[in-house]
Amino acid sequence: QVQLVESGGGLVQPGGSLTLSCVVSGIPFSTYGVAWYRQAPGKQRELVTTISPMGTAVNSDPVKGRFIASRDNAANTVALQMNSLQPEDTAVYYCNARKPWEGDYWGQGTQVTVSS
C-alpha cells in the first residue's frame with residue numbers, strides 16, 4: 001500500500017517560516033520524482049516545486065528565493081522549508097510522487113495559514 005503522509009502545517013505570521021515534511025512508503029522512493037503542490041480556496045491546484053530522484057529541485061516563480069525543497073532517499077522523506085511566508089501562501093499543501101508508466105500518488109494535504 002502506497003502512503004504519502006504530510007505534516008508540519010499550521011498557522012504562522014507573515015514573514016515567518018514553516019517546514020513541511022512528507023514520509024513516503026510502499027514505492028521504490030529513490031526512483032520517483034517528487035513534488036509539492038498547493039491549493040488555495042477557490043483556486044486550482046498549482047505546482048510549488050519539483051525534486052528529481054537525484055535531488056535537483058526546481059521552484060515555481062512565486063516561491064523562488066523563499067522556499068527550499070529537499071529529499072532524503074535513505075529515509076524516504078521529502079521536506080519543504082518555507083521562509084518569508086506571505087498571506088498569499090495560504091493553502092493546503094500536497095506531496096506528490098510520480099514515475100512515468102508506474103505510478104502517480106498523492107498525500108492527504110496539510111493546511112498552511114499565513115495570517116496576523
# chains A, B, ... in the order shown; residues from 1 in each chain; ligands from 1

call {"tool": "residues_around", "arguments": {"residues": "Ser7 (chain A)", "least_positions_apart": "2", "cutoff": "6 Å", "atoms": "only C-alpha atoms", "output": "PyMOL selection string"}}
result
chain A and resi 9+20-21

call {"tool": "write_last_selection", "arguments": {"atoms": "N, CA, C and O atoms", "output": "mmCIF file, in the first residue's frame"}}
result
data_model
loop_
_atom_site.group_PDB
_atom_site.id
_atom_site.type_symbol
_atom_site.label_atom_id
_atom_site.label_comp_id
_atom_site.auth_asym_id
_atom_site.auth_seq_id
_atom_site.Cartn_x
_atom_site.Cartn_y
_atom_site.Cartn_z
ATOM 1 N N GLY A 9 2.211 21.528 8.827
ATOM 2 C CA GLY A 9 1.421 22.718 8.552
ATOM 3 C C GLY A 9 0.959 23.397 9.821
ATOM 4 O O GLY A 9 1.114 22.871 10.922
ATOM 5 N N LEU A 20 7.528 21.811 6.073
ATOM 6 C CA LEU A 20 6.645 20.678 5.841
ATOM 7 C C LEU A 20 7.481 19.423 5.595
ATOM 8 O O LEU A 20 8.570 19.495 5.028
ATOM 9 N N SER A 21 6.925 18.298 6.008
ATOM 10 C CA SER A 21 7.570 17.008 5.758
ATOM 11 C C SER A 21 6.577 16.047 5.116
ATOM 12 O O SER A 21 5.365 16.170 5.333
#

call {"tool": "residues_around", "arguments": {"residues": "region 57-64 of chain A", "least_positions_apart": "3", "cutoff": "9 Å", "atoms": "only C-alpha atoms", "output": "list in words"}}
result
Ala35, Leu47, Val48, Thr49, Thr50, Ile51, Ser52, Phe67, Ile68, Ala69, Ser70, Met82 and Asp89 of chain A

call {"tool": "closest_residue", "arguments": {"among": "A:Ser116, A:Gln13, A:Thr77, A:Gln108", "to": "Pro28 (chain A)", "atoms": "only C-alpha atoms"}}
result
A:Thr77

call {"tool": "residues_around", "arguments": {"residues": "Lys43 (chain A)", "least_positions_apart": "5", "cutoff": "12 Å", "atoms": "only C-alpha atoms", "output": "PyMOL selection string"}}
result
chain A and resi 38+88+90-92

call {"tool": "residues_around", "arguments": {"residues": "Gly55 (chain A)", "least_positions_apart": "5", "cutoff": "10 Å", "atoms": "only C-alpha atoms", "output": "list of chain:residue names"}}
result
A:Ser30, A:Gly33, A:Val34, A:Thr50, A:Ala69, A:Ser70, A:Arg71, A:Asp72, A:Asn73, A:Val78

call {"tool": "write_last_selection", "arguments": {"atoms": "C-alpha atoms", "output": "CSV table (one decimal), in the first residue's frame"}}
result
chain,number,residue,atom,x,y,z
A,30,SER,CA,14.6,6.8,-4.8
A,33,GLY,CA,10.3,12.2,-8.8
A,34,VAL,CA,8.5,14.1,-6.0
A,50,THR,CA,9.7,19.5,-8.1
A,69,ALA,CA,12.9,21.7,-1.2
A,70,SER,CA,14.9,18.6,-0.4
A,71,ARG,CA,14.6,14.9,-0.2
A,72,ASP,CA,16.3,12.1,1.8
A,73,ASN,CA,16.3,8.9,-0.2
A,78,VAL,CA,10.6,15.0,1.4

call {"tool": "closest_residue", "arguments": {"among": "A:Cys95, A:Leu18, A:Met54, A:Leu80", "to": "Gly107 (chain A)", "atoms": "only C-alpha atoms"}}
result
A:Cys95

call {"tool": "atom_distance", "arguments": {"atom1": "CA of Val112 (chain A)", "atom2": "CA of Ala74 (chain A)"}}
result
26.9 Å

call {"tool": "select_by_dssp", "arguments": {"residues": "chain A", "states": "strand (DSSP E or B)", "output": "PyMOL selection string"}}
result
chain A and resi 3-7+10-12+18-25+33-39+46-51+57-59+67-72+77-82+91-99+103-106+110-114

call {"tool": "closest_residue", "arguments": {"among": "A:Thr31, A:Gly15, A:Gly10, A:Cys22", "to": "Gly103 (chain A)", "atoms": "only C-alpha atoms"}}
result
A:Thr31
